[in-house]
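Right, one structure below, let's go through it.
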Amino acid sequence: MSSRYEPVIGLEIHAQLQTRTKIFCGCSTAFGAAPNSQVCPVCLGLPGALPVLNGLAVDYAIKAALALGCTVQPQSLFARKNYFYPDLPKGYQISQYERPLALGGGLEIAVDGATKWVGLTRIHMEEDAGKSLHEGFADSDRRTYVDYNRSGVPLIEIVSEPDMRSAAEAAEFFQRLRDILVWLGVNDGNMEEGSLRCDANVSVRLRGASAFGTKAEVKNVNSFRYVEKAIDYEIGRQIDLVEGGGRVVQETRLWDSAAGRTNSMRSKEEAHDYRYFPEPDLPPLIVDDARIERVRATMPELPEARRRRFVAQYALPEYDAGVLTQVAALADYFEAVAAAAGNAKAASNWVMGELLRTLKERGQDITAQPLDAGRLAGLIVLIDKGIISSSVGKNVFATMYDSDRSADEIVAAEGLSQIGDESALLEIIRGVMAANADAVAQYRAGKMQTFGFLAGQVMKGSKGKANPKLASELLRKQLDSQIVR
Ligand SMILES: [Zn+2]
């Protein structure tokens with residue numbers, strides 16, 4: 001890619017608000033129901049049906065706006081965005097246009113060690129359209145079917161400023177935004193089911209130029225890993241076009257993940273005159289300070305604040321704090337283990353090590369794993385007391401994970417306690433010395449390195465259960481005494 005050019009990227013993100021019912025009616029928003037089983041006159045747009053705004057959807061939108069540092073507007077308006085499309089039965093979509101719910105805000109991203117602020121233009125509320133089904137039916141070659149279950153599902157559209165300068169920055173921004181929405185519990189972050197969607201406005205210009213180039217909008221990026229790829233492809237395409245003497249035209253392009261490219265979308269809906277009218281059936285949305293404060297009071301501690309607190313309160317390294325605060329449930333789990341074990345660093349090590357590794361191996365989620373915080377804390381306490389070593393602890397962890405037994409029960413039942421009894425250890429040490437007379441003689445002749453080998457044999461002889469510190473002391477005493485009693 002020629003470095004003479006600089007990409008300019010802005011994102012428009014549609015996030016489904018996690019309410020049980022739609023934005024203007026009581027129909028269910030559950031995913032995966034039989035087509036057209038979650039519809040009513042309101043979301044089908046039948047004549048005479050009146051929309052009623054879902055208050056919880058508004059609260060969720062306010063929550064997202066507050067978390068992203070936006071200014072919630074005291075009054076916002078719904079409008080009718082007119083266009084014709086089979087999956088839009090009313091012939092218009094109810095959306096906020098000139099007076100959106102929230103303005104400004106943004107978030108900080110870090111790419112290649114450099115941090116940068118990406119601003120937001122606005123967040124507005126709108127309803128989703130239905131879904132055209134072009135395949136999956138016997139006559140799909142001749143007919144398109146429409147499923148209106150999605151019609152009227154509550155969305156927020158988050159519009160960023162054109163502040164990003166690489167596909168990697170855009171991908172990082174999208175990831176961070178998703179983390180925050182999921183953390184807040186206002187969106188499930190699921191791109192495959194369409195509850196989070198990302199469109200990218202991409203243009204290129206000569207480095208140092210102040211005017212923006214003509215932008216193309218890339219749509220249909222329906223998987224997380226494709227966001228960066230699609231934008232990268234589009235940047236390359238535009239640079240090639242401009243270098244070849246061509247011009248970028250303003251258009252909507254669809255990402256084709258199979259071909260790894262964007263294609264121009266020819267579509268009737270590309271008529272740009274949407275003809276917005278005020279929605280006469282909905283009053284202005286008034287959000288007073290009391291409502292904002294009520295929503296603010298329900299907000300969890302945000303990831304960034306929690307990360308800083310973990311460093312300060314638990315003296316964790318930045319890295320640990322960053323990993324543990326990626327998902328709210330993981331952070332909650334860590335805090336519960338740390339409190340019960342009284343050892344935050346050990347809790348962090350076990351959660352980031354054995355637990356995350358096991359979850360990854362099993363393809364499990366932190367919210368659906370079987371090991372409660374109390375049992376993991378019990379294991380840490382046994383290690384801290386010197387009753388078992390941390391290597392035995394890993395085996396106990398595995399046993400615990402696949403059962404509902406406590407670490408205490410497993411250690412007792414399987415006789416895993418460390419051997420801290422001198423006479424038992426001496427017996428093992430004498431056996432090892434007798435079986436390795438050459439190594440003993442070498443040690444006594446001054447070849448001190450053989451000590452490590454002999455100590456290893458003692459641990460092996462104890463099946464890993466010897467208290468390593470005590471065993472090592474006793475072995476050295478025996479070797480140095482010159483006399484095997
Ligand atoms: Zn409905």
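For the structure tokens, the naming scheme is as follows: chains receive sequential letters (A, B, ...) according to their order of presentation, residues are indexed from 1 within each chain, and ligands are indexed from 1 in presentation order.
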
| request: Compute the set of protein, DNA and RNA residues whose minimum atom distance to ligand 1 is at most 6 Å, using only C-alpha atoms and all ligand atoms, and state it as a list in words. | output: Cys25, Gly26, Cys27, Val39, Cys40, Val42 and Cys43 of chain A

With only C-alpha atoms counted and 9 Å as the cut-off, give the residues of region 41-99 of chain A in contact with region 178-198 of chain A, each with its shortest interatomic distance in Å and the pair that gives it, as JSON lines.
```
{"residue": "A:Ala57", "atom": "CA", "partner": "A:Val186", "partner_atom": "CA", "distance": 8.8}
{"residue": "A:Tyr60", "atom": "CA", "partner": "A:Val186", "partner_atom": "CA", "distance": 5.6}
{"residue": "A:Ala61", "atom": "CA", "partner": "A:Val186", "partner_atom": "CA", "distance": 7.8}
{"residue": "A:Lys63", "atom": "CA", "partner": "A:Leu184", "partner_atom": "CA", "distance": 7.5}
{"residue": "A:Ala64", "atom": "CA", "partner": "A:Leu181", "partner_atom": "CA", "distance": 6.5}
{"residue": "A:Ala67", "atom": "CA", "partner": "A:Ile180", "partner_atom": "CA", "distance": 7.6}
{"residue": "A:Leu68", "atom": "CA", "partner": "A:Ile180", "partner_atom": "CA", "distance": 8.3}
```

| field | Surrounding residues of region 407-414 of chain A excluding itself and chain neighbours under 4 positions, 12 Å, only C-alpha atoms, as a PyMOL selection string | value | chain A and resi 371-383+387-389+392-403+418+465

| task | Quick one: pick out all helix (DSSP H, G or I) residues within region 197-386 of chain A from a backbone DSSP run and write them as a PyMOL selection string. | result | chain A and resi 224-243+268-270+289-297+303-314+318-324+328-341+344-362+366-368+373-384

| Computed interatomic separation between CA of Pro370 (chain A) and CA of Arg308 (chain A) (Å) | 28.7 Å

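Distances from A:Thr21, A:Gln16, A:Asn222, A:Gln238 to Ile156 (chain A) were compared using only C-alpha atoms, and the smallest one belongs to A:Gln16.
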
Near Thr298 (chain A), counting only C-alpha atoms, which residues have an atom at most 10 Å away, once you skip same-chain residues fewer than 3 positions from it, shown as a PDB file with N, CA and C atoms, in the first residue's frame?
```pdb
ATOM      1  N   ASP A  59     -33.821   3.541  28.488  1.00  0.00           N
ATOM      2  CA  ASP A  59     -32.836   3.479  29.579  1.00  0.00           C
ATOM      3  C   ASP A  59     -31.525   2.840  29.108  1.00  0.00           C
ATOM      4  N   LYS A  63     -27.889   4.474  28.977  1.00  0.00           N
ATOM      5  CA  LYS A  63     -26.759   3.830  29.652  1.00  0.00           C
ATOM      6  C   LYS A  63     -25.549   3.769  28.721  1.00  0.00           C
ATOM      7  N   LEU A 184     -22.002  -3.466  29.779  1.00  0.00           N
ATOM      8  CA  LEU A 184     -23.161  -2.755  30.334  1.00  0.00           C
ATOM      9  C   LEU A 184     -24.397  -3.636  30.365  1.00  0.00           C
ATOM     10  N   GLU A 293     -29.869  10.299  36.177  1.00  0.00           N
ATOM     11  CA  GLU A 293     -29.231   9.855  37.420  1.00  0.00           C
ATOM     12  C   GLU A 293     -29.712   8.465  37.830  1.00  0.00           C
ATOM     13  N   ARG A 294     -30.997   8.194  37.574  1.00  0.00           N
ATOM     14  CA  ARG A 294     -31.526   6.868  37.901  1.00  0.00           C
ATOM     15  C   ARG A 294     -30.815   5.787  37.064  1.00  0.00           C
ATOM     16  N   VAL A 295     -30.589   6.086  35.776  1.00  0.00           N
ATOM     17  CA  VAL A 295     -29.885   5.128  34.912  1.00  0.00           C
ATOM     18  C   VAL A 295     -28.423   5.013  35.351  1.00  0.00           C
ATOM     19  N   GLU A 301     -19.387  -0.621  37.274  1.00  0.00           N
ATOM     20  CA  GLU A 301     -18.088   0.024  37.132  1.00  0.00           C
ATOM     21  C   GLU A 301     -17.553  -0.334  35.742  1.00  0.00           C
TER      22      GLU A 301
END
```

Residues near Ile123 (chain A), cut-off 10 Å, only C-alpha atoms, skip fewer than 5 positions along chain, as a PDB file with N, CA, C and O atoms, in the first residue's frame:
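Saved file around36.pdb follows:
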```pdb
ATOM      1  N   GLU A  12     -20.238   3.240  11.598  1.00  0.00           N
ATOM      2  CA  GLU A  12     -21.626   3.353  12.049  1.00  0.00           C
ATOM      3  C   GLU A  12     -21.998   1.984  12.584  1.00  0.00           C
ATOM      4  O   GLU A  12     -21.993   1.009  11.847  1.00  0.00           O
ATOM      5  N   ILE A  13     -22.283   1.946  13.867  1.00  0.00           N
ATOM      6  CA  ILE A  13     -22.527   0.655  14.498  1.00  0.00           C
ATOM      7  C   ILE A  13     -23.977   0.562  14.964  1.00  0.00           C
ATOM      8  O   ILE A  13     -24.459   1.448  15.686  1.00  0.00           O
ATOM      9  N   HIS A  14     -24.648  -0.482  14.519  1.00  0.00           N
ATOM     10  CA  HIS A  14     -26.017  -0.740  14.964  1.00  0.00           C
ATOM     11  C   HIS A  14     -25.966  -1.797  16.044  1.00  0.00           C
ATOM     12  O   HIS A  14     -25.447  -2.895  15.820  1.00  0.00           O
ATOM     13  N   ALA A  61     -30.366   2.784  26.047  1.00  0.00           N
ATOM     14  CA  ALA A  61     -29.693   3.719  25.139  1.00  0.00           C
ATOM     15  C   ALA A  61     -28.986   4.813  25.946  1.00  0.00           C
ATOM     16  O   ALA A  61     -27.853   5.196  25.641  1.00  0.00           O
ATOM     17  N   ILE A  62     -29.654   5.289  27.005  1.00  0.00           N
ATOM     18  CA  ILE A  62     -29.033   6.309  27.869  1.00  0.00           C
ATOM     19  C   ILE A  62     -27.783   5.735  28.536  1.00  0.00           C
ATOM     20  O   ILE A  62     -26.737   6.382  28.626  1.00  0.00           O
ATOM     21  N   ALA A  64     -25.777   3.360  27.459  1.00  0.00           N
ATOM     22  CA  ALA A  64     -24.675   3.300  26.488  1.00  0.00           C
ATOM     23  C   ALA A  64     -24.100   4.695  26.275  1.00  0.00           C
ATOM     24  O   ALA A  64     -22.878   4.884  26.233  1.00  0.00           O
ATOM     25  N   ALA A  65     -24.986   5.687  26.150  1.00  0.00           N
ATOM     26  CA  ALA A  65     -24.529   7.059  25.904  1.00  0.00           C
ATOM     27  C   ALA A  65     -23.666   7.560  27.069  1.00  0.00           C
ATOM     28  O   ALA A  65     -22.607   8.157  26.853  1.00  0.00           O
ATOM     29  N   LEU A  68     -20.216   6.032  27.152  1.00  0.00           N
ATOM     30  CA  LEU A  68     -19.343   6.500  26.073  1.00  0.00           C
ATOM     31  C   LEU A  68     -19.094   8.003  26.160  1.00  0.00           C
ATOM     32  O   LEU A  68     -18.565   8.608  25.235  1.00  0.00           O
ATOM     33  N   CYS A  70     -21.128  10.519  26.147  1.00  0.00           N
ATOM     34  CA  CYS A  70     -21.967  11.395  25.326  1.00  0.00           C
ATOM     35  C   CYS A  70     -22.818  12.309  26.214  1.00  0.00           C
ATOM     36  O   CYS A  70     -23.026  12.027  27.394  1.00  0.00           O
ATOM     37  N   THR A  71     -23.323  13.368  25.620  1.00  0.00           N
ATOM     38  CA  THR A  71     -24.254  14.246  26.310  1.00  0.00           C
ATOM     39  C   THR A  71     -25.671  13.848  25.905  1.00  0.00           C
ATOM     40  O   THR A  71     -26.036  13.964  24.732  1.00  0.00           O
ATOM     41  N   VAL A  72     -26.434  13.354  26.878  1.00  0.00           N
ATOM     42  CA  VAL A  72     -27.818  12.959  26.583  1.00  0.00           C
ATOM     43  C   VAL A  72     -28.649  14.226  26.432  1.00  0.00           C
ATOM     44  O   VAL A  72     -28.578  15.129  27.275  1.00  0.00           O
ATOM     45  N   GLN A  96     -34.467   8.308  14.882  1.00  0.00           N
ATOM     46  CA  GLN A  96     -34.196   9.693  15.260  1.00  0.00           C
ATOM     47  C   GLN A  96     -33.264  10.283  14.214  1.00  0.00           C
ATOM     48  O   GLN A  96     -32.337   9.630  13.765  1.00  0.00           O
ATOM     49  N   PRO A 100     -31.126  13.672  17.710  1.00  0.00           N
ATOM     50  CA  PRO A 100     -30.828  12.350  18.267  1.00  0.00           C
ATOM     51  C   PRO A 100     -30.790  12.351  19.798  1.00  0.00           C
ATOM     52  O   PRO A 100     -30.744  13.415  20.421  1.00  0.00           O
ATOM     53  N   LEU A 101     -30.771  11.163  20.373  1.00  0.00           N
ATOM     54  CA  LEU A 101     -30.781  11.015  21.830  1.00  0.00           C
ATOM     55  C   LEU A 101     -29.540  11.612  22.485  1.00  0.00           C
ATOM     56  O   LEU A 101     -29.618  12.206  23.557  1.00  0.00           O
ATOM     57  N   ALA A 102     -28.374  11.431  21.842  1.00  0.00           N
ATOM     58  CA  ALA A 102     -27.132  11.844  22.505  1.00  0.00           C
ATOM     59  C   ALA A 102     -26.117  12.339  21.484  1.00  0.00           C
ATOM     60  O   ALA A 102     -26.083  11.874  20.337  1.00  0.00           O
ATOM     61  N   LEU A 103     -25.271  13.280  21.921  1.00  0.00           N
ATOM     62  CA  LEU A 103     -24.248  13.864  21.058  1.00  0.00           C
ATOM     63  C   LEU A 103     -22.882  13.759  21.729  1.00  0.00           C
ATOM     64  O   LEU A 103     -22.775  13.749  22.960  1.00  0.00           O
ATOM     65  N   GLY A 104     -21.825  13.734  20.891  1.00  0.00           N
ATOM     66  CA  GLY A 104     -20.457  13.797  21.407  1.00  0.00           C
ATOM     67  C   GLY A 104     -20.007  12.501  22.054  1.00  0.00           C
ATOM     68  O   GLY A 104     -20.562  11.442  21.800  1.00  0.00           O
ATOM     69  N   GLY A 105     -18.995  12.606  22.891  1.00  0.00           N
ATOM     70  CA  GLY A 105     -18.435  11.435  23.545  1.00  0.00           C
ATOM     71  C   GLY A 105     -17.355  10.784  22.704  1.00  0.00           C
ATOM     72  O   GLY A 105     -16.883  11.367  21.713  1.00  0.00           O
ATOM     73  N   ILE A 156     -29.727   0.948  18.775  1.00  0.00           N
ATOM     74  CA  ILE A 156     -29.092   2.266  18.777  1.00  0.00           C
ATOM     75  C   ILE A 156     -28.099   2.255  17.627  1.00  0.00           C
ATOM     76  O   ILE A 156     -27.489   1.226  17.321  1.00  0.00           O
ATOM     77  N   GLU A 157     -27.989   3.395  16.977  1.00  0.00           N
ATOM     78  CA  GLU A 157     -26.932   3.543  15.980  1.00  0.00           C
ATOM     79  C   GLU A 157     -25.905   4.491  16.569  1.00  0.00           C
ATOM     80  O   GLU A 157     -26.228   5.609  16.984  1.00  0.00           O
ATOM     81  N   ILE A 158     -24.671   3.999  16.628  1.00  0.00           N
ATOM     82  CA  ILE A 158     -23.567   4.783  17.180  1.00  0.00           C
ATOM     83  C   ILE A 158     -22.706   5.228  15.999  1.00  0.00           C
ATOM     84  O   ILE A 158     -22.189   4.397  15.253  1.00  0.00           O
ATOM     85  N   VAL A 159     -22.595   6.539  15.809  1.00  0.00           N
ATOM     86  CA  VAL A 159     -21.864   7.074  14.660  1.00  0.00           C
ATOM     87  C   VAL A 159     -20.571   7.698  15.159  1.00  0.00           C
ATOM     88  O   VAL A 159     -20.597   8.599  16.004  1.00  0.00           O
ATOM     89  N   SER A 160     -19.455   7.217  14.637  1.00  0.00           N
ATOM     90  CA  SER A 160     -18.173   7.782  15.072  1.00  0.00           C
ATOM     91  C   SER A 160     -17.784   8.954  14.182  1.00  0.00           C
ATOM     92  O   SER A 160     -18.282   9.110  13.066  1.00  0.00           O
TER      93      SER A 160
END
```

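Residues of region 225-420 of chain A carrying a DSSP assignment of strand (DSSP E or B), computed from the backbone, are Thr252, Arg253, Leu254, Trp255, Asp256, Arg261, Thr262, Asn263, Ser264, Phe277, Pro278, Leu285, Ile286 and Ile419 of chain A.
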
Using C-alpha atoms, can you write the selected residues to a file as a PDB file, in the first residue's frame?
```
ATOM      1  CA  THR A 252     -22.525   1.516  -0.861  1.00  0.00           C
ATOM      2  CA  ARG A 253     -20.396  -1.594  -1.225  1.00  0.00           C
ATOM      3  CA  LEU A 254     -21.026  -5.032   0.179  1.00  0.00           C
ATOM      4  CA  TRP A 255     -18.315  -7.159   1.714  1.00  0.00           C
ATOM      5  CA  ASP A 256     -18.129 -10.629   0.172  1.00  0.00           C
ATOM      6  CA  ARG A 261     -13.528  -8.277  -1.564  1.00  0.00           C
ATOM      7  CA  THR A 262     -16.128  -5.509  -1.603  1.00  0.00           C
ATOM      8  CA  ASN A 263     -18.592  -5.205  -4.475  1.00  0.00           C
ATOM      9  CA  SER A 264     -20.683  -2.269  -5.565  1.00  0.00           C
ATOM     10  CA  PHE A 277     -40.889  13.522   8.337  1.00  0.00           C
ATOM     11  CA  PRO A 278     -41.603  14.007  12.026  1.00  0.00           C
ATOM     12  CA  LEU A 285     -38.681  11.970  23.988  1.00  0.00           C
ATOM     13  CA  ILE A 286     -37.994  13.986  27.136  1.00  0.00           C
ATOM     14  CA  ILE A 419       4.975 -35.055  53.498  1.00  0.00           C
TER      15      ILE A 419
END
```

| request: For Lys345 (chain A), work out the shell of residues within 9 Å, counting only C-alpha atoms and skipping chain neighbours fewer than 3 positions away, then give it as an MDAnalysis selection string. | output: chainID A and resid 314:316 338 348:350

| field | Distance query Ala168 (chain A) at most 10 Å, only C-alpha atoms, self and fewer than 6 positions along chain excluded, as a PyMOL selection string | value | chain A and resi 110-112+174+227-229+231-232

| message | One decimal, in Å: what's the spacing between CA of Ala209 (chain A) and CA of Ala167 (chain A)? | response |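 Result for CA of Ala209 (chain A) versus CA of Ala167 (chain A): 19.3 Å, one decimal.
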
| Residue among A:Ile366, A:Ile429, A:Leu330, A:Ala441 lying closest to Val458 (chain A), counting only C-alpha atoms |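 Selected residue with least distance to Val458 (chain A): A:Ile429.
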
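Minimum atom-to-atom distance to Ser203 (chain A), evaluated using only C-alpha atoms, belongs to A:Ile9 out of A:Val118, A:Asn436, A:Ile9, A:Ser257.
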
| field | Closest of A:Ala344, A:Val327, A:Leu120, A:Val153 to Ser28 (chain A) - atom-to-atom distances counting only C-alpha atoms | value | A:Val153

| request: Have a look at A:Gly113, A:Gly431, A:Pro51, A:Gly45 and name the one nearest to Pro283 (chain A); count only C-alpha atoms. | output: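 Checking each candidate against Pro283 (chain A), we get A:Pro51 as the closest.
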
| query | Counting only C-alpha atoms, which of A:Ile239, A:Val221, A:Val311, A:Met352 gets nearest to Leu206 (chain A)? | reply |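 Of A:Ile239, A:Val221, A:Val311, A:Met352, the one nearest Leu206 (chain A) is A:Ile239, counting only C-alpha atoms.
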
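Separating CA of Arg99 (chain A) from CA of Asn201 (chain A) is a distance of 21.9 Å.
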